[in-house]
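Okay, final.cif is below, mmCIF, C-alpha atoms and all ligand atoms:
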data_upload
loop_
_atom_site.label_atom_id
_atom_site.label_comp_id
_atom_site.auth_asym_id
_atom_site.auth_seq_id
_atom_site.Cartn_x
_atom_site.Cartn_y
_atom_site.Cartn_z
CA MET O 201 120.46 -130.35 -14.11
CA GLY O 202 120.33 -126.66 -13.11
CA ALA O 203 119.50 -125.70 -16.70
CA ILE O 204 116.57 -128.14 -16.79
CA LEU O 205 115.21 -126.79 -13.47
CA SER O 206 115.50 -123.23 -14.72
CA TYR O 207 113.68 -124.26 -17.92
CA PHE O 208 110.69 -125.65 -16.00
CA LYS O 209 110.74 -122.67 -13.59
CA ASN O 210 110.39 -120.30 -16.53
CA ILE O 211 107.48 -122.33 -17.90
CA LEU O 212 105.74 -122.20 -14.50
CA ALA O 213 106.39 -118.44 -14.17
CA GLY O 214 104.94 -117.87 -17.64
CA PHE O 215 101.89 -119.96 -16.81
CA TRP O 216 101.40 -118.08 -13.52
CA ASN O 217 101.57 -114.72 -15.30
CA LEU O 218 99.00 -115.98 -17.80
CA VAL O 219 96.66 -116.94 -14.95
CA LEU O 220 97.16 -113.53 -13.31
CA GLY O 221 96.37 -111.71 -16.57
CA LEU O 222 93.28 -113.81 -17.21
CA SER O 223 92.03 -113.26 -13.66
CA VAL O 224 92.16 -109.48 -14.21
CA THR O 225 90.34 -109.86 -17.53
CA THR O 226 87.69 -112.09 -15.97
CA LYS O 227 87.22 -109.65 -13.09
CA TYR O 228 86.34 -106.78 -15.47
CA LEU O 229 84.39 -108.99 -17.90
CA PHE O 230 81.33 -109.02 -15.66
CA LYS O 231 81.59 -105.45 -14.32
CA LYS O 232 79.39 -102.61 -15.58
CA THR O 233 81.12 -100.89 -18.51
CA ASN O 234 81.90 -97.18 -18.36
CA THR O 235 83.01 -96.81 -21.97
CA GLN O 236 80.48 -95.20 -24.26
CA GLN O 237 80.30 -95.60 -28.02
CA TYR O 238 80.45 -91.90 -28.92
CA PRO O 239 78.91 -90.47 -31.09
CA GLU O 240 76.18 -93.13 -31.17
CA GLU O 241 75.93 -92.91 -27.38
CA ARG O 242 76.02 -89.52 -25.67
CA MET O 243 76.35 -88.99 -22.00
CA PRO O 244 74.03 -86.36 -20.50
CA LEU O 245 76.26 -83.88 -18.69
CA PRO O 246 75.38 -82.50 -15.27
CA ALA O 247 73.02 -79.52 -15.52
CA ARG O 248 75.70 -77.13 -14.20
CA SER O 249 78.36 -78.09 -16.75
CA ARG O 250 79.95 -75.14 -18.54
CA SER O 251 79.60 -76.39 -22.09
CA MET O 252 78.54 -73.21 -23.86
CA ILE O 253 77.45 -69.66 -23.08
CA LYS O 254 74.08 -68.61 -24.41
CA LEU O 255 72.02 -65.43 -24.63
CA ILE O 256 68.63 -65.97 -23.09
CA TYR O 257 65.74 -65.15 -25.39
CA ASP O 258 62.29 -64.50 -23.97
CA GLY O 259 59.89 -66.16 -26.41
CA GLU O 260 56.80 -64.56 -24.85
CA LYS O 261 58.16 -61.02 -25.18
CA ASP O 262 59.88 -61.90 -28.46
CA GLN O 263 63.15 -60.30 -27.37
CA PHE O 264 66.47 -61.03 -25.70
CA ASN O 265 66.68 -60.32 -21.97
CA CYS O 266 69.87 -58.33 -22.58
CA VAL O 267 69.55 -54.60 -21.94
CA ALA O 268 73.07 -53.74 -23.17
CA CYS O 269 74.27 -52.63 -19.73
CA MET O 270 77.83 -53.68 -20.73
CA MET O 271 78.56 -55.29 -17.36
CA CYS O 272 79.50 -58.62 -18.95
CA ALA O 273 81.89 -56.94 -21.40
CA LYS O 274 83.55 -55.04 -18.53
CA ALA O 275 83.83 -58.18 -16.40
CA CYS O 276 85.47 -60.26 -19.14
CA PRO O 277 89.23 -60.56 -18.52
CA ASN O 278 89.91 -61.36 -22.18
CA SER O 279 87.68 -58.74 -23.82
CA CYS O 280 85.76 -61.45 -25.65
CA ILE O 281 82.45 -59.61 -25.64
CA LYS O 282 81.49 -56.73 -27.90
CA LEU O 283 77.95 -55.46 -27.96
CA GLU O 284 75.79 -52.50 -28.83
CA GLY O 285 72.38 -51.32 -27.76
CA VAL O 286 69.84 -48.57 -28.27
CA ARG O 287 67.21 -46.94 -26.12
CA GLY O 288 63.76 -47.88 -27.38
CA PRO O 289 60.59 -45.72 -27.55
CA ASP O 290 59.65 -46.99 -24.07
CA GLY O 291 62.89 -45.52 -22.72
CA LYS O 292 64.42 -48.93 -22.03
CA ARG O 293 67.75 -50.01 -23.47
CA ARG O 294 67.83 -53.10 -25.67
CA MET O 295 70.75 -54.98 -27.14
CA THR O 296 71.06 -54.70 -30.93
CA THR O 297 74.26 -56.66 -31.58
CA PHE O 298 76.15 -59.07 -29.35
CA LYS O 299 79.36 -60.86 -30.28
CA LEU O 300 81.35 -63.30 -28.18
CA ASP O 301 84.69 -64.61 -29.41
CA PHE O 302 84.90 -68.17 -28.07
CA SER O 303 88.44 -68.52 -29.44
CA THR O 304 89.69 -66.43 -26.52
CA CYS O 305 86.99 -67.25 -23.97
CA ILE O 306 88.26 -69.26 -21.00
CA PHE O 307 84.79 -70.10 -19.68
CA CYS O 308 85.58 -68.40 -16.40
CA GLY O 309 81.93 -67.38 -16.00
CA TYR O 310 82.62 -63.78 -14.92
CA CYS O 311 80.28 -62.48 -17.62
CA VAL O 312 77.43 -64.74 -16.50
CA GLU O 313 77.97 -63.71 -12.88
CA ALA O 314 78.09 -60.02 -13.78
CA CYS O 315 74.78 -60.10 -15.64
CA GLY O 316 71.98 -58.89 -13.40
CA PHE O 317 69.27 -59.26 -16.03
CA ASP O 318 69.14 -63.05 -16.46
CA ALA O 319 70.43 -62.58 -20.00
CA LEU O 320 73.50 -64.83 -20.08
CA THR O 321 73.78 -68.43 -19.01
CA PHE O 322 75.91 -71.52 -19.31
CA VAL O 323 74.21 -74.51 -20.91
CA SER O 324 75.31 -78.10 -20.49
CA GLU O 325 73.81 -79.75 -23.56
CA GLU O 326 75.88 -78.09 -26.30
CA TYR O 327 79.34 -79.51 -25.77
CA GLU O 328 80.30 -80.31 -29.35
CA ASN O 329 81.97 -76.98 -29.97
CA SER O 330 84.87 -77.87 -32.26
CA VAL O 331 85.03 -76.05 -35.60
CA TYR O 332 87.26 -76.18 -38.68
CA LYS O 333 88.00 -72.45 -38.79
CA ARG O 334 88.95 -70.28 -35.87
CA GLY O 335 86.70 -67.51 -37.20
CA SER O 336 83.68 -69.75 -36.65
CA LEU O 337 84.22 -69.32 -32.92
CA LEU O 338 83.08 -65.71 -33.15
CA GLN O 339 79.38 -66.03 -32.44
CA ASP O 340 76.68 -63.40 -32.67
CA GLU O 341 73.36 -63.04 -30.87
CA GLN O 342 71.56 -65.33 -33.31
CA ALA O 343 74.11 -68.13 -32.88
CA MET O 344 73.93 -67.68 -29.09
CA LYS O 345 70.14 -67.42 -28.93
CA TRP O 346 68.72 -69.79 -26.33
CA VAL O 347 65.18 -70.20 -25.08
CA ARG O 348 65.12 -71.57 -21.59
CA PRO O 349 63.12 -74.83 -21.46
CA PRO O 350 60.23 -74.82 -18.95
CA HIS O 351 61.90 -77.35 -16.66
CA LEU O 352 64.83 -74.94 -16.15
CA ALA O 353 62.62 -71.91 -15.43
CA PRO O 354 63.76 -69.99 -12.34
CA LYS O 355 61.82 -70.89 -9.23
CA PRO O 356 59.41 -68.17 -8.02
CA GLU O 357 61.37 -67.68 -4.80
CA GLU O 358 64.66 -67.07 -6.62
CA PRO O 359 64.11 -63.37 -7.51
CA ALA O 360 63.15 -62.61 -3.90
CA ALA O 361 66.18 -64.49 -2.63
CA ALA O 362 68.37 -62.58 -5.09
CA ALA O 363 66.92 -59.26 -3.98
CA ALA O 364 67.50 -60.17 -0.34
CA GLY O 365 71.06 -61.07 -1.18
CA ALA O 366 71.57 -57.75 -2.97
CA GLN O 367 70.29 -55.79 0.04
CA ALA O 368 72.49 -57.70 2.50
S1 LIG H 1 83.40 -66.82 -19.69
FE1 LIG H 1 85.05 -65.45 -19.03
S2 LIG H 1 86.41 -65.28 -20.76
FE2 LIG H 1 84.49 -66.13 -21.54
S3 LIG H 1 83.32 -64.33 -22.25
FE3 LIG H 1 82.72 -64.74 -20.13
S4 LIG H 1 84.05 -63.45 -18.87
FE4 LIG H 1 84.97 -63.59 -20.93
S1 LIG H 2 75.50 -58.04 -18.44
FE1 LIG H 2 73.66 -59.08 -19.20
S2 LIG H 2 72.21 -57.44 -19.66
FE2 LIG H 2 74.23 -56.50 -19.46
S3 LIG H 2 75.05 -56.42 -21.54
FE3 LIG H 2 75.78 -58.33 -20.66
S4 LIG H 2 74.25 -59.88 -21.21
FE4 LIG H 2 73.34 -57.87 -21.57
#
For the file at hand, write its structure as structure tokens.
Ligand code: SF4
Ligand code: SF4
Amino acid sequence: MGAILSYFKNILAGFWNLVLGLSVTTKYLFKKTNTQQYPEERMPLPARSRSMIKLIYDGEKDQFNCVACMMCAKACPNSCIKLEGVRGPDGKRRMTTFKLDFSTCIFCGYCVEACGFDALTFVSEEYENSVYKRGSLLQDEQAMKWVRPPHLAPKPEEPAAAAAGAQA
């Protein structure tokens, strides 16, 4: 008799577990899905994501903003940045070559913070950075060239605020 009772108890327990499992499935069946079908679907990252470091190029002046002051290279804890510059006929220094080795970069942002010439920036949109060869992670100024889109242009009050901050 005990064996028969145990048999039916096991059947009931199995049925109850089935109901529990189906209730969880049903609960999530009608919820909004968070899974995305990458690469067909791509999630826009927040604007301040640190996806890639870029060298800002001024299209109107047809030149990079970098003046080869070397502050970014000095600030980098991993010595990822190597660059050179020359003084032009107008007496101003301009960058001639810029190399950043992303294979040792830790995206700490010290270089971007150290730059006082609005020449380096993080961008959020370029997050597919995997390569087949490690050497491909050494990027030069042409690979890092980035023209700031108009909707990300600095607000007019920002330079004044920055100057006020520098004087404080
Ligand atoms: S993000 Fe950090 S590690 Fe990478 S280049 Fe800049 S300072 Fe160096
Ligand atoms: S700190 Fe800015 S301006 Fe100076 S070398 Fe680096 S990128 Fe160029």
Within 9 Å of ligand LIG 2 (chain H), which residues show up when you count only C-alpha atoms and all ligand atoms? List them as an mmCIF file with C-alpha atoms, in the frame of the given file, please.
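Result saved to pocket.cif:
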data_model
loop_
_atom_site.group_PDB
_atom_site.id
_atom_site.type_symbol
_atom_site.label_atom_id
_atom_site.label_comp_id
_atom_site.auth_asym_id
_atom_site.auth_seq_id
_atom_site.Cartn_x
_atom_site.Cartn_y
_atom_site.Cartn_z
ATOM 1 C CA LEU O 255 72.020 -65.430 -24.630
ATOM 2 C CA ILE O 256 68.630 -65.970 -23.090
ATOM 3 C CA PHE O 264 66.470 -61.030 -25.700
ATOM 4 C CA ASN O 265 66.680 -60.320 -21.970
ATOM 5 C CA CYS O 266 69.870 -58.330 -22.580
ATOM 6 C CA VAL O 267 69.550 -54.600 -21.940
ATOM 7 C CA ALA O 268 73.070 -53.740 -23.170
ATOM 8 C CA CYS O 269 74.270 -52.630 -19.730
ATOM 9 C CA MET O 270 77.830 -53.680 -20.730
ATOM 10 C CA MET O 271 78.560 -55.290 -17.360
ATOM 11 C CA CYS O 272 79.500 -58.620 -18.950
ATOM 12 C CA ALA O 273 81.890 -56.940 -21.400
ATOM 13 C CA LYS O 274 83.550 -55.040 -18.530
ATOM 14 C CA ALA O 275 83.830 -58.180 -16.400
ATOM 15 C CA ILE O 281 82.450 -59.610 -25.640
ATOM 16 C CA LEU O 283 77.950 -55.460 -27.960
ATOM 17 C CA GLU O 284 75.790 -52.500 -28.830
ATOM 18 C CA GLY O 285 72.380 -51.320 -27.760
ATOM 19 C CA ARG O 294 67.830 -53.100 -25.670
ATOM 20 C CA MET O 295 70.750 -54.980 -27.140
ATOM 21 C CA PHE O 298 76.150 -59.070 -29.350
ATOM 22 C CA CYS O 311 80.280 -62.480 -17.620
ATOM 23 C CA VAL O 312 77.430 -64.740 -16.500
ATOM 24 C CA GLU O 313 77.970 -63.710 -12.880
ATOM 25 C CA ALA O 314 78.090 -60.020 -13.780
ATOM 26 C CA CYS O 315 74.780 -60.100 -15.640
ATOM 27 C CA GLY O 316 71.980 -58.890 -13.400
ATOM 28 C CA PHE O 317 69.270 -59.260 -16.030
ATOM 29 C CA ASP O 318 69.140 -63.050 -16.460
ATOM 30 C CA ALA O 319 70.430 -62.580 -20.000
ATOM 31 C CA LEU O 320 73.500 -64.830 -20.080
ATOM 32 C CA THR O 321 73.780 -68.430 -19.010
#
Per residue of chain O within 6 Å of ligand LIG 1 (chain H), which atom pair is closest and at what distance in Å (one decimal), using all atoms listed in the file, listed by chain and increasing number, as CSV?
residue,atom,partner,partner_atom,distance
O:Ala275,CA,H:LIG1,S4,5.8
O:Cys276,CA,H:LIG1,S4,3.5
O:Pro277,CA,H:LIG1,FE4,5.8
O:Asn278,CA,H:LIG1,S2,5.4
O:Cys280,CA,H:LIG1,S3,5.1
O:Ile281,CA,H:LIG1,S3,5.9
O:Cys305,CA,H:LIG1,FE2,3.7
O:Ile306,CA,H:LIG1,S2,4.4
O:Phe307,CA,H:LIG1,S1,3.6
O:Cys308,CA,H:LIG1,FE1,4.0
O:Gly309,CA,H:LIG1,S1,4.0
O:Tyr310,CA,H:LIG1,S4,4.2
O:Cys311,CA,H:LIG1,S4,4.1
File of the preceding selection, C-alpha atoms, as a PDB file, in the coordinates of the input:
ATOM      1  CA  ALA O 275      83.830 -58.180 -16.400  1.00  0.00           C
ATOM      2  CA  CYS O 276      85.470 -60.260 -19.140  1.00  0.00           C
ATOM      3  CA  PRO O 277      89.230 -60.560 -18.520  1.00  0.00           C
ATOM      4  CA  ASN O 278      89.910 -61.360 -22.180  1.00  0.00           C
ATOM      5  CA  CYS O 280      85.760 -61.450 -25.650  1.00  0.00           C
ATOM      6  CA  ILE O 281      82.450 -59.610 -25.640  1.00  0.00           C
ATOM      7  CA  CYS O 305      86.990 -67.250 -23.970  1.00  0.00           C
ATOM      8  CA  ILE O 306      88.260 -69.260 -21.000  1.00  0.00           C
ATOM      9  CA  PHE O 307      84.790 -70.100 -19.680  1.00  0.00           C
ATOM     10  CA  CYS O 308      85.580 -68.400 -16.400  1.00  0.00           C
ATOM     11  CA  GLY O 309      81.930 -67.380 -16.000  1.00  0.00           C
ATOM     12  CA  TYR O 310      82.620 -63.780 -14.920  1.00  0.00           C
ATOM     13  CA  CYS O 311      80.280 -62.480 -17.620  1.00  0.00           C
TER      14      CYS O 311
END
* Could you give me, as a ChimeraX atom specification, the residues that sit within 6 Å of (72.3, -66.8, -29.5) in the file's coordinates, counting all atoms listed in the file? => /O:254-255,341-346
Given the selection you just returned, output its residues as a file containing C-alpha atoms, formatted as an mmCIF file, in the frame of the given file.
data_model
loop_
_atom_site.group_PDB
_atom_site.id
_atom_site.type_symbol
_atom_site.label_atom_id
_atom_site.label_comp_id
_atom_site.auth_asym_id
_atom_site.auth_seq_id
_atom_site.Cartn_x
_atom_site.Cartn_y
_atom_site.Cartn_z
ATOM 1 C CA LYS O 254 74.080 -68.610 -24.410
ATOM 2 C CA LEU O 255 72.020 -65.430 -24.630
ATOM 3 C CA GLU O 341 73.360 -63.040 -30.870
ATOM 4 C CA GLN O 342 71.560 -65.330 -33.310
ATOM 5 C CA ALA O 343 74.110 -68.130 -32.880
ATOM 6 C CA MET O 344 73.930 -67.680 -29.090
ATOM 7 C CA LYS O 345 70.140 -67.420 -28.930
ATOM 8 C CA TRP O 346 68.720 -69.790 -26.330
#
* **Minimum-distance residue to Gln339 in chain O, chosen among O:Pro354, O:Ala203, O:Arg293, O:Ile253 (using all atoms listed in the file)** =>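 For Gln339 in chain O, the nearest of the candidates is O:Ile253.
Using all atoms listed in the file, the shortest contact distance between Tyr327 in chain O and any of O:Met243, O:Gly202, O:Thr233, O:Thr225 is found at O:Met243.
With CA of Arg248 in chain O on one side and CA of Leu337 in chain O on the other, the separation reads 22.0 Å.
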* Residue among O:Lys227, O:Lys299, O:Lys261, O:Lys292 lying closest to Ser279 in chain O, counting all atoms listed in the file -> O:Lys299
* Atomic distance CA of Glu325 in chain O - CA of Val347 in chain O, expressed in Å with one decimal ->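 Distance between the two atoms: 13.0 Å.
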* Just how far from CA of Glu328 in chain O is CA of Pro350 in chain O, in Å to one decimal? -> 23.3 Å
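Shortest separation to Pro244 in chain O among O:Ser206, O:Ser303, O:Thr296, O:Ser324 occurs at residue O:Ser324, atoms counted being all atoms listed in the file.
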* Hey, which of O:Ala213, O:Leu245, O:Val224, O:Ile204 ends up closest to Val323 in chain O? Count only C-alpha atoms. ->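 Answer, going by the shortest atom-to-atom distance: O:Leu245.
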